[in-house]
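Q: Take a look at this one; I'll ask things after.
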Amino acid sequence: MTYRFDPELAAVVPMLPAVDFADPRALRAQIAEFANANQPDLAGVDVLDLRVPGPPGSPKVPVRVYRPAGLTGMTAGLLNIHGGGFMIGSIAVDDAACLDLVRGLGVVIVSVEYRLAPEHPFPAGLEDCYAVLEWIAKAAGDLGIDPTRLAAHGVSAGGGLAAALALLTRDRGGPPLCFQFLGYPEVDDRLETGSTRRFVDTPLWNRPNAVISWNAYLGEGVPGTPDVSPYAAPARATDLTGLPPAYVSVMEFDPLRDEGIAYAQALLAAG
């Protein structure tokens, strides 16, 4: 592997763990062990774990609510959707990031523990996120959230789910989002972009892991076929009008780079 990493980042790359998505259960256990060994500083933030109503006929969804300590009145709300290739990750992994956002922005965050593939393929995880969005809208007053200032936030697969959630709530006439933060989003199952074809050995995320991820989420052999739903892979959407403003970030040496750029361009073209 030879990439022109920034010198400050290059020193860290050898320390990154090997991530093998072929065994998601073992990977989840490693991540849980890491999260348990790194308890975050809760200073200035009230944290509450709840289980809220899930999609019809499905289990309740665990969420973690982060509120600025001593909050009075209403503030903006953020639905946080963790990453992990649709297969791994948890609320706990995003603790530090959510705490930093609450302290820095004074917002209320609801982080969702959606069901994971391959045990729970599409649309289970997305429907969990939508159910939590509906719950936030109904409980906004109690949470201290202004329902007109509610945003979706996610990175990687979480960014893909945030993009899909924006499409889904628009089409269902559900709670409106005022903003979508899509951090290096996983939005295209076809794996045909230049970056997806090129980056087969990049750390943490690479083409082999992307193949495993989409097969787990959609079903073996389904990715790349004609009838994949845009709610699963938002790059498939043909109508991006009426969506909330978006911030899309990408990384240079990342298979997800080009699909993120293409999705941002498509959003731009749709106004």
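Letters for chains follow the order of the structure tokens (A, B, ...), residue numbers begin at 1 for each chain, and ligand numbers begin at 1 in the order shown.
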Enumerate, in order of chain and increasing residue number, the residues of range 102-200 of chain A with an atom no farther than 6 Å from range 49-70 of chain A, each with its shortest atom pair and distance in Å to one decimal, counting only C-alpha atoms, as CSV.
A:
residue,atom,partner,partner_atom,distance
A:Val108,CA,A:Arg67,CA,4.8
A:Ile109,CA,A:Tyr66,CA,5.1
A:Val110,CA,A:Val65,CA,4.6
A:Ser111,CA,A:Arg64,CA,5.1
A:Val112,CA,A:Val63,CA,4.6
A:Glu113,CA,A:Pro62,CA,5.3
A:Asp128,CA,A:Gly54,CA,5.8
A:Ala131,CA,A:Gly54,CA,5.4
Q: Could you name the residues that touch range 230-232 of chain A at 6 Å or less, counting only C-alpha atoms, but leaving out those on the same chain fewer than 4 positions away, as a compact mmCIF listing (two decimals) with N, CA, C and O atoms, in the first residue's frame?
A:
# COMPACT_ATOMS: atom_id res chain seq x y z
N ALA A 164 -30.80 8.28 3.29
CA ALA A 164 -32.01 7.49 3.02
C ALA A 164 -33.18 7.97 3.87
O ALA A 164 -34.32 8.01 3.41
N ARG A 236 -29.21 5.70 -6.00
CA ARG A 236 -30.17 5.21 -6.99
C ARG A 236 -31.36 6.16 -7.18
O ARG A 236 -32.14 6.00 -8.11
N ALA A 237 -31.53 7.10 -6.28
CA ALA A 237 -32.69 7.99 -6.34
C ALA A 237 -32.64 8.86 -7.60
O ALA A 237 -31.59 9.41 -7.95
Q: Write out as a PyMOL selection string the set of residues from range 19-211 of chain A that DSSP, computed on the backbone, places in alpha helix (DSSP H).
A: chain A and resi 24-37+95-105+124-143+157-172+194-198+207-211
Q: Looking at only C-alpha atoms, which of A:Leu268, A:Met87, A:Val187, A:Leu150 is the one that sits closest to Val228 in chain A?
A: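 With only C-alpha atoms as the atom set, the closest residue is A:Val187.
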Q: For the strand (DSSP E or B) assignment from backbone DSSP, which residues of range 70-253 of chain A qualify? Please present them as a PyMOL selection string.
A: chain A and resi 75-81+108-112+145-155+179-183+246-249
